[in-house]
file structure_6.txt (compact mmCIF, C-alpha atoms and all ligand atoms)
# COMPACT_ATOMS: atom_id res chain seq x y z
CA MET A 17 -34.80 39.78 -124.14
CA ILE A 18 -34.31 36.51 -122.31
CA GLY A 19 -30.94 36.10 -120.67
CA ALA A 20 -29.14 35.77 -117.38
CA ILE A 21 -30.38 38.30 -114.88
CA ILE A 22 -27.39 40.01 -113.38
CA LEU A 23 -28.42 42.23 -110.51
CA PRO A 24 -26.13 45.09 -109.63
CA GLN A 25 -24.28 44.47 -106.40
CA TYR A 26 -22.02 46.35 -104.08
CA VAL A 27 -19.75 45.12 -101.27
CA GLN A 28 -18.23 47.19 -98.48
CA VAL A 29 -16.62 46.39 -95.11
CA PHE A 30 -18.21 48.09 -92.09
CA SER A 31 -17.44 48.20 -88.35
CA GLU A 32 -19.30 45.87 -85.99
CA GLN A 33 -21.05 48.90 -84.53
CA THR A 34 -22.34 50.02 -87.92
CA ILE A 35 -23.53 46.49 -88.65
CA GLN A 36 -25.50 46.48 -85.38
CA SER A 37 -27.07 49.85 -86.31
CA MET A 38 -27.97 48.42 -89.72
CA LYS A 39 -29.58 45.42 -88.08
CA GLN A 40 -31.77 47.76 -86.01
CA TYR A 41 -32.52 50.05 -88.92
CA TYR A 42 -33.66 47.15 -91.12
CA ALA A 43 -35.47 45.35 -88.27
CA SER A 44 -38.81 45.35 -90.07
CA HIS A 45 -37.23 44.01 -93.28
CA ILE A 46 -35.28 41.08 -91.81
CA THR A 47 -35.55 37.82 -93.76
CA ASN A 48 -34.07 34.38 -93.01
CA THR A 49 -30.41 34.75 -92.10
CA PRO A 50 -28.11 32.68 -94.33
CA GLN A 51 -25.28 30.70 -92.76
CA GLY A 52 -22.34 32.83 -91.73
CA ALA A 53 -24.36 36.02 -91.85
CA VAL A 54 -25.26 38.41 -89.03
CA PHE A 55 -28.52 39.31 -90.70
CA GLN A 56 -30.19 39.59 -94.06
CA ALA A 57 -32.81 42.19 -94.89
CA LYS A 58 -34.80 42.95 -97.99
CA THR A 59 -35.99 46.40 -99.01
CA ALA A 60 -37.44 47.67 -102.26
CA ASN A 61 -33.92 48.70 -103.29
CA ALA A 62 -31.77 45.76 -102.30
CA VAL A 63 -31.17 42.60 -100.34
CA ILE A 64 -28.65 43.50 -97.64
CA THR A 65 -26.53 40.67 -96.23
CA ALA A 66 -24.09 41.43 -93.41
CA TYR A 67 -21.40 38.82 -92.73
CA ARG A 68 -19.45 38.20 -89.53
CA SER A 69 -16.30 39.25 -91.38
CA GLY A 70 -17.72 42.77 -91.53
CA LYS A 71 -18.46 42.54 -95.22
CA VAL A 72 -21.88 43.75 -96.25
CA LEU A 73 -23.33 42.80 -99.61
CA PHE A 74 -25.98 45.02 -101.19
CA GLN A 75 -27.67 43.38 -104.13
CA GLY A 76 -30.80 44.28 -106.09
CA ALA A 77 -32.38 46.91 -108.26
CA SER A 78 -30.70 49.92 -106.60
CA PRO A 79 -28.09 48.67 -104.12
CA GLU A 80 -26.38 52.08 -104.08
CA VAL A 81 -29.44 53.63 -102.40
CA GLU A 82 -29.02 51.39 -99.36
CA ALA A 83 -25.21 51.37 -99.38
CA ASP A 84 -25.15 55.17 -99.48
CA LYS A 85 -27.00 55.34 -96.17
CA TRP A 86 -24.04 53.76 -94.39
CA LEU A 87 -21.04 55.35 -96.03
CA LEU A 88 -19.88 58.11 -93.70
CA ASN A 89 -18.54 60.35 -96.42
CA LYS A 90 -18.28 60.42 -100.17
CA ASP A 91 -14.55 59.53 -100.05
CA GLU A 92 -15.43 56.08 -98.74
CA ARG A 93 -17.34 55.46 -101.89
CA THR A 94 -15.31 53.36 -104.24
CA PRO A 95 -15.48 54.10 -107.97
CA LYS A 96 -17.67 51.01 -108.20
CA ILE A 97 -20.60 52.70 -106.52
CA GLU A 98 -20.35 55.71 -108.82
CA ASN A 99 -20.43 53.32 -111.75
CA LEU A 100 -23.51 51.66 -110.35
CA LYS A 101 -25.30 54.98 -110.24
CA LYS A 102 -24.56 55.62 -113.87
CA LYS A 103 -25.45 52.11 -114.88
CA THR A 104 -28.53 52.09 -117.04
CA HIS A 105 -30.34 49.33 -118.84
CA SER A 106 -31.66 49.40 -122.38
CA TYR A 107 -35.16 50.29 -121.17
CA ALA A 108 -34.22 53.76 -119.92
CA PRO A 109 -36.43 56.42 -121.57
CA LYS A 110 -35.02 59.21 -123.70
CA GLU A 111 -35.45 62.71 -122.29
CA ALA A 112 -37.89 63.49 -125.14
CA LEU A 113 -40.45 61.07 -123.71
CA PHE A 114 -41.10 63.35 -120.73
CA HIS A 115 -42.37 66.04 -123.12
CA ALA A 116 -44.26 63.67 -125.41
CA ALA A 117 -47.62 61.86 -125.17
CA HIS A 118 -46.99 59.11 -122.65
CA ILE A 119 -48.37 56.93 -119.88
CA GLY A 120 -46.71 57.01 -116.46
CA SER A 121 -47.29 54.46 -113.71
CA ASP A 122 -46.48 54.43 -109.99
CA GLU A 123 -47.61 52.72 -106.80
CA ALA A 124 -48.25 53.40 -103.10
CA GLY A 125 -48.60 51.43 -99.88
CA THR A 126 -45.93 48.84 -100.61
CA GLY A 127 -43.79 49.72 -97.58
CA ASP A 128 -46.75 50.24 -95.25
CA TYR A 129 -47.74 47.42 -92.92
CA PHE A 130 -51.39 48.42 -92.89
CA GLY A 131 -53.53 49.01 -95.93
CA PRO A 132 -53.55 47.93 -99.56
CA ILE A 133 -51.14 48.35 -102.44
CA THR A 134 -52.42 50.87 -104.94
CA VAL A 135 -51.13 51.39 -108.47
CA ALA A 136 -52.17 54.22 -110.77
CA CYS A 137 -51.15 55.32 -114.22
CA THR A 138 -52.11 58.43 -116.15
CA TYR A 139 -52.00 59.47 -119.78
CA VAL A 140 -50.53 62.89 -120.43
CA GLN A 141 -50.28 64.75 -123.72
CA PRO A 142 -47.89 67.68 -124.22
CA LYS A 143 -50.81 70.14 -124.21
CA ASP A 144 -51.77 69.02 -120.66
CA ILE A 145 -48.34 69.58 -119.13
CA PRO A 146 -48.58 73.34 -118.29
CA GLU A 147 -51.94 72.91 -116.55
CA LEU A 148 -50.74 69.88 -114.59
CA LYS A 149 -47.73 71.86 -113.44
CA LYS A 150 -50.00 74.72 -112.37
CA MET A 151 -52.09 72.26 -110.36
CA GLY A 152 -48.95 71.38 -108.41
CA VAL A 153 -48.48 67.90 -109.84
CA LYS A 154 -45.02 66.72 -108.82
CA ASP A 155 -43.31 63.89 -107.00
CA SER A 156 -45.81 62.95 -104.27
CA LYS A 157 -42.96 62.35 -101.82
CA HIS A 158 -42.58 66.15 -101.66
CA LEU A 159 -46.28 66.73 -100.91
CA THR A 160 -48.35 66.27 -97.76
CA ASP A 161 -51.20 63.77 -97.81
CA ASN A 162 -53.77 66.58 -97.57
CA ILE A 163 -52.39 68.31 -100.65
CA ILE A 164 -52.14 64.97 -102.48
CA VAL A 165 -55.85 64.30 -101.86
CA GLU A 166 -56.73 67.81 -103.15
CA ILE A 167 -54.66 67.43 -106.32
CA ALA A 168 -56.11 63.96 -106.94
CA LYS A 169 -59.62 65.48 -106.82
CA GLU A 170 -58.58 68.13 -109.33
CA LEU A 171 -57.06 65.50 -111.63
CA ALA A 172 -60.43 63.71 -111.60
CA ILE A 173 -62.31 66.94 -112.38
CA ARG A 174 -59.85 67.83 -115.14
CA LYS A 175 -60.58 64.33 -116.59
CA ILE A 176 -56.95 63.32 -117.03
CA PRO A 177 -57.29 59.73 -118.30
CA TYR A 178 -56.10 57.36 -115.62
CA SER A 179 -56.46 53.85 -114.32
CA LEU A 180 -56.26 52.90 -110.65
CA LEU A 181 -55.98 49.42 -109.13
CA VAL A 182 -56.26 48.62 -105.44
CA MET A 183 -55.09 45.30 -104.05
CA ARG A 184 -56.74 44.99 -100.64
CA ASN A 185 -55.23 43.02 -97.81
CA GLU A 186 -57.30 39.82 -98.05
CA LYS A 187 -56.15 39.29 -101.62
CA TYR A 188 -52.60 40.44 -100.90
CA ASN A 189 -52.25 37.93 -98.05
CA ARG A 190 -53.83 35.14 -100.09
CA LEU A 191 -51.43 35.65 -103.00
CA GLN A 192 -48.47 36.05 -100.65
CA LYS A 193 -49.34 32.66 -99.09
CA GLN A 194 -49.53 31.18 -102.59
CA GLY A 195 -45.94 32.22 -103.10
CA TRP A 196 -46.30 35.55 -104.87
CA SER A 197 -43.60 38.05 -103.98
CA GLN A 198 -44.63 41.64 -103.50
CA GLY A 199 -42.59 42.37 -106.62
CA LYS A 200 -44.79 40.06 -108.66
CA MET A 201 -47.96 41.67 -107.28
CA LYS A 202 -46.64 45.12 -108.18
CA ALA A 203 -45.64 43.96 -111.66
CA MET A 204 -49.10 42.51 -112.35
CA LEU A 205 -50.87 45.58 -110.95
CA HIS A 206 -48.79 47.97 -113.08
CA HIS A 207 -49.36 45.78 -116.11
CA HIS A 208 -53.14 45.53 -115.69
CA ALA A 209 -53.51 49.22 -114.86
CA ILE A 210 -51.62 50.07 -118.05
CA GLN A 211 -53.69 47.63 -120.14
CA SER A 212 -56.90 49.20 -118.90
CA LEU A 213 -55.65 52.74 -119.58
CA LEU A 214 -54.51 51.75 -123.08
CA LYS A 215 -58.06 50.58 -123.72
CA LYS A 216 -59.48 53.86 -122.42
CA ILE A 217 -57.30 56.08 -124.61
CA GLY A 218 -57.93 54.03 -127.76
CA ASN A 219 -56.16 55.55 -130.73
CA ALA A 220 -54.83 58.65 -129.01
CA PRO A 221 -51.17 59.35 -129.82
CA LEU A 222 -48.72 57.50 -127.59
CA ASP A 223 -44.94 57.76 -127.61
CA GLY A 224 -44.24 55.44 -124.71
CA ILE A 225 -45.12 53.96 -121.34
CA LEU A 226 -42.95 54.76 -118.33
CA ILE A 227 -42.97 52.66 -115.17
CA ASP A 228 -41.38 53.96 -112.01
CA GLN A 229 -38.79 51.23 -111.65
CA PHE A 230 -39.10 48.94 -108.63
CA CYS A 231 -37.15 46.01 -110.08
CA GLU A 232 -34.93 45.26 -113.03
CA PRO A 233 -36.90 45.21 -116.30
CA ASN A 234 -35.97 41.56 -116.85
CA VAL A 235 -37.47 40.64 -113.50
CA TYR A 236 -40.64 42.55 -114.44
CA PHE A 237 -40.88 40.68 -117.76
CA ASN A 238 -40.39 37.35 -115.97
CA HIS A 239 -43.21 38.10 -113.54
CA LEU A 240 -45.52 38.88 -116.44
CA ARG A 241 -44.47 35.74 -118.28
CA THR A 242 -45.40 33.52 -115.31
CA GLU A 243 -48.98 34.78 -115.79
CA ASN A 244 -48.83 34.54 -119.59
CA GLU A 245 -48.73 38.29 -119.98
CA PHE A 246 -46.31 40.26 -122.09
CA VAL A 247 -45.00 43.74 -121.90
CA ASN A 248 -46.28 46.37 -124.33
CA ASN A 249 -44.02 47.87 -126.94
CA GLN A 250 -42.26 51.06 -125.96
CA THR A 251 -42.29 50.37 -122.23
CA TYR A 252 -39.54 52.12 -120.30
CA PHE A 253 -38.27 51.88 -116.75
CA MET A 254 -36.39 54.35 -114.61
CA THR A 255 -35.98 54.90 -110.87
CA LYS A 256 -37.33 58.15 -109.42
CA ALA A 257 -39.38 58.54 -112.62
CA GLU A 258 -41.89 60.72 -110.77
CA SER A 259 -39.28 63.52 -110.66
CA TYR A 260 -38.90 63.47 -114.45
CA SER A 261 -42.30 62.54 -115.85
CA ILE A 262 -45.44 64.46 -114.92
CA ALA A 263 -47.49 61.40 -115.95
CA VAL A 264 -45.68 59.25 -113.37
CA ALA A 265 -45.99 62.09 -110.82
CA ALA A 266 -49.76 62.27 -111.45
CA GLY A 267 -49.91 58.47 -111.13
CA SER A 268 -48.06 58.64 -107.82
CA ILE A 269 -50.53 61.27 -106.55
CA ILE A 270 -53.59 59.22 -107.53
CA ALA A 271 -52.09 56.05 -106.05
CA ARG A 272 -51.15 57.79 -102.80
CA ALA A 273 -54.56 59.55 -102.51
CA SER A 274 -56.27 56.19 -102.95
CA PHE A 275 -54.01 54.62 -100.31
CA VAL A 276 -54.83 57.46 -97.88
CA ARG A 277 -58.58 57.02 -98.53
CA GLU A 278 -58.34 53.25 -98.02
CA MET A 279 -56.45 53.76 -94.74
CA ASP A 280 -59.18 56.17 -93.52
CA LEU A 281 -61.88 53.63 -94.41
CA LEU A 282 -60.03 50.77 -92.67
CA SER A 283 -59.41 52.90 -89.57
CA GLU A 284 -63.07 53.83 -89.44
CA LYS A 285 -64.19 50.24 -89.92
CA LEU A 286 -61.93 48.99 -87.11
CA GLY A 287 -62.50 51.98 -84.85
CA ILE A 288 -58.71 52.10 -84.44
CA PRO A 289 -56.56 54.70 -86.24
CA LEU A 290 -54.07 52.80 -88.39
CA PRO A 291 -50.62 54.39 -88.69
CA LYS A 292 -48.85 54.48 -92.03
CA GLY A 293 -45.36 53.07 -92.47
CA ALA A 294 -43.84 50.14 -90.59
CA SER A 295 -42.50 51.74 -87.41
CA ASP A 296 -42.76 50.82 -83.75
CA LYS A 297 -46.07 52.70 -83.62
CA VAL A 298 -47.36 50.11 -86.08
CA ASP A 299 -46.23 47.27 -83.79
CA ARG A 300 -48.19 48.78 -80.88
CA THR A 301 -51.28 49.16 -83.05
CA ILE A 302 -51.02 45.49 -84.09
CA ALA A 303 -51.04 44.52 -80.40
CA THR A 304 -54.12 46.70 -79.81
CA ILE A 305 -55.95 45.04 -82.71
CA ILE A 306 -55.09 41.53 -81.50
CA LYS A 307 -56.23 42.40 -77.95
CA ASN A 308 -59.41 44.33 -78.88
CA LYS A 309 -60.40 42.34 -81.98
CA SER A 310 -58.52 39.20 -83.00
CA ALA A 311 -55.33 38.10 -84.72
CA ASP A 312 -57.45 37.17 -87.75
CA THR A 313 -58.51 40.80 -88.12
CA LEU A 314 -54.98 41.54 -89.35
CA HIS A 315 -55.68 39.60 -92.55
CA THR A 316 -58.29 42.20 -93.48
CA CYS A 317 -56.15 45.28 -92.87
CA ALA A 318 -52.44 44.37 -92.91
CA LYS A 319 -49.63 42.80 -94.91
CA VAL A 320 -49.22 40.02 -92.40
CA HIS A 321 -45.90 38.65 -93.71
CA PHE A 322 -44.08 41.85 -92.70
CA ALA A 323 -41.77 41.39 -89.69
CA ASN A 324 -44.02 43.76 -87.70
CA THR A 325 -46.49 40.93 -87.02
CA LYS A 326 -43.83 39.07 -85.04
CA LYS A 327 -42.39 42.18 -83.44
CA ALA A 328 -45.80 43.14 -82.08
CA THR A 329 -45.87 40.10 -79.78
CA LYS A 330 -43.65 41.97 -77.32
CA TYR A 331 -46.56 44.37 -76.68
CA LEU A 332 -49.08 41.63 -75.99
MN MN B 401 -42.53 54.47 -107.14

call {"tool": "encode", "arguments": {"input": "structure_6.txt", "output": "structure tokens"}}
result
Amino acid sequence: MIGAIILPQYVQVFSEQTIQSMKQYYASHITNTPQGAVFQAKTANAVITAYRSGKVLFQGASPEVEADKWLLNKDERTPKIENLKKKTHSYAPKEALFHAAHIGSDEAGTGDYFGPITVACTYVQPKDIPELKKMGVKDSKHLTDNIIVEIAKELAIRKIPYSLLVMRNEKYNRLQKQGWSQGKMKAMLHHHAIQSLLKKIGNAPLDGILIDQFCEPNVYFNHLRTENEFVNNQTYFMTKAESYSIAVAAGSIIARASFVREMDLLSEKLGIPLPKGASDKVDRTIATIIKNKSADTLHTCAKVHFANTKKATKYL
């Protein structure tokens, strides 16, 4: 299991204009610019480094997702990117798992400046699947927040075994200052949520655990190891798992519903409606909070290391 971690990467030359558009598009994800680079940005999918030569390097868990945004047409795509898409690791689940008794885990709030990170996993048995489908359980990205909250309530009533963890902003910011990456926080939250659900379900049949992939499995294992934790047997990873596994989809709904509830509570507490996401609207809200409350208030409601904190100064 231990070995060199080779992250998939993809290189493509772009026009100066496209590179400037990229720089704007990734403004809230900009990290320290390495020498010779125009900018470097980090998203959940990849680290994007644009060089003055016009070369752009996409490197990370799913570089093709970011690269695809900038390729004008499919013909531009070299065979390499198609290969990347097909590339799987040895922790990919077999199709049969989606129809078997399994745990699925997903998170919410990781790209949002305000509010916590929430992670939820559910345990689904084959006999539950038709009812879950009838309830409208599917990839939460295709559902509105209102519907998500309704389905989450029904999941609770239906007593689908689940485990939910919320990492609020004070703790998030403290760990981030201690050097934890968001990836490590996510890994530990998924891990602990799964451990607690395993305890809840006891000896119930289990054919596998599926985590909606946010990093390479090796990176996940390394994060766990730094905290003396180890991955359970039969743990699988795949991107977009919520579109294949109803357990992951249910997890994504519970995580998102919890995030929405936490955002409502924070907004109420501050008396300022907090926008989701990391857009310009967020920057303006940050300025309002600093003016009406204090800069310290951000530690209680925001992921302060996001670039938005700096960008908001132009509205002060
Ligand atoms: Mn996910």

call {"tool": "residues_near_ligand", "arguments": {"input": "structure_6.txt", "ligand": "ligand MN 401 (chain B)", "cutoff": "6 Å", "atoms": "all atoms listed in the file", "output": "MDAnalysis selection string"}}
result
chainID A and resid 122:123 228

call {"tool": "atom_distance", "arguments": {"input": "structure_6.txt", "atom1": "CA of Ser121 (chain A)", "atom2": "CA of Gln198 (chain A)"}}
result
16.6 Å

call {"tool": "residues_around", "arguments": {"input": "structure_6.txt", "residues": "Pro24 (chain A)", "least_positions_apart": "3", "cutoff": "7 Å", "atoms": "all atoms listed in the file", "output": "PDB file with C-alpha atoms, in the coordinates of the input"}}
result
ATOM      1  CA  GLN A  75     -27.670  43.380-104.130  1.00  0.00           C
ATOM      2  CA  GLY A  76     -30.800  44.280-106.090  1.00  0.00           C
ATOM      3  CA  ALA A  77     -32.380  46.910-108.260  1.00  0.00           C
ATOM      4  CA  PRO A  79     -28.090  48.670-104.120  1.00  0.00           C
TER       5      PRO A  79
END

call {"tool": "closest_residue", "arguments": {"input": "structure_6.txt", "among": "A:Glu80, A:Cys231, A:Gly131, A:Val165", "to": "Leu290 (chain A)", "atoms": "only C-alpha atoms"}}
result
A:Gly131

call {"tool": "residues_around", "arguments": {"input": "structure_6.txt", "residues": "Ala116 (chain A)", "least_positions_apart": "6", "cutoff": "12 Å", "atoms": "only C-alpha atoms", "output": "short mmCIF file (atom, residue, chain, number, x, y, z; two decimals) with C-alpha atoms, in the coordinates of the input"}}
result
data_model
loop_
_atom_site.label_atom_id
_atom_site.label_comp_id
_atom_site.auth_asym_id
_atom_site.auth_seq_id
_atom_site.Cartn_x
_atom_site.Cartn_y
_atom_site.Cartn_z
CA PRO A 109 -36.43 56.42 -121.57
CA LYS A 110 -35.02 59.21 -123.70
CA TYR A 139 -52.00 59.47 -119.78
CA VAL A 140 -50.53 62.89 -120.43
CA GLN A 141 -50.28 64.75 -123.72
CA PRO A 142 -47.89 67.68 -124.22
CA LYS A 143 -50.81 70.14 -124.21
CA ASP A 144 -51.77 69.02 -120.66
CA ILE A 145 -48.34 69.58 -119.13
CA PRO A 221 -51.17 59.35 -129.82
CA LEU A 222 -48.72 57.50 -127.59
CA ASP A 223 -44.94 57.76 -127.61
CA GLY A 224 -44.24 55.44 -124.71
CA ILE A 225 -45.12 53.96 -121.34
CA LEU A 226 -42.95 54.76 -118.33
CA SER A 261 -42.30 62.54 -115.85
CA ILE A 262 -45.44 64.46 -114.92
CA ALA A 263 -47.49 61.40 -115.95
#

call {"tool": "atom_distance", "arguments": {"input": "structure_6.txt", "atom1": "CA of Pro146 (chain A)", "atom2": "CA of Asn219 (chain A)"}}
result
23.0 Å

call {"tool": "residues_around", "arguments": {"input": "structure_6.txt", "residues": "Gln40 (chain A)", "least_positions_apart": "2", "cutoff": "12 Å", "atoms": "only C-alpha atoms", "output": "PyMOL selection string"}}
result
chain A and resi 33-38+42-46+54-57+295-296

call {"tool": "atom_distance", "arguments": {"input": "structure_6.txt", "atom1": "CA of Ile119 (chain A)", "atom2": "CA of Met183 (chain A)"}}
result
20.8 Å

call {"tool": "closest_residue", "arguments": {"input": "structure_6.txt", "among": "A:Ala60, A:Cys317, A:Ile163, A:Leu180", "to": "Gly120 (chain A)", "atoms": "all atoms listed in the file"}}
result
A:Leu180

call {"tool": "residues_around", "arguments": {"input": "structure_6.txt", "residues": "Lys307 (chain A)", "least_positions_apart": "5", "cutoff": "12 Å", "atoms": "only C-alpha atoms", "output": "VMD selection string"}}
result
chain A and resid 288 300 to 302 312 to 314 328 to 329 331 to 332

call {"tool": "closest_residue", "arguments": {"input": "structure_6.txt", "among": "A:Phe30, A:Phe230, A:Phe253, A:Tyr260", "to": "Ala108 (chain A)", "atoms": "only C-alpha atoms"}}
result
A:Phe253

call {"tool": "closest_residue", "arguments": {"input": "structure_6.txt", "among": "A:Pro233, A:Gly152, A:Pro177, A:Gly195", "to": "Ile217 (chain A)", "atoms": "only C-alpha atoms"}}
result
A:Pro177

call {"tool": "closest_residue", "arguments": {"input": "structure_6.txt", "among": "A:Ser268, A:Thr134, A:Ser310, A:Asn185", "to": "Asp155 (chain A)", "atoms": "all atoms listed in the file"}}
result
A:Ser268
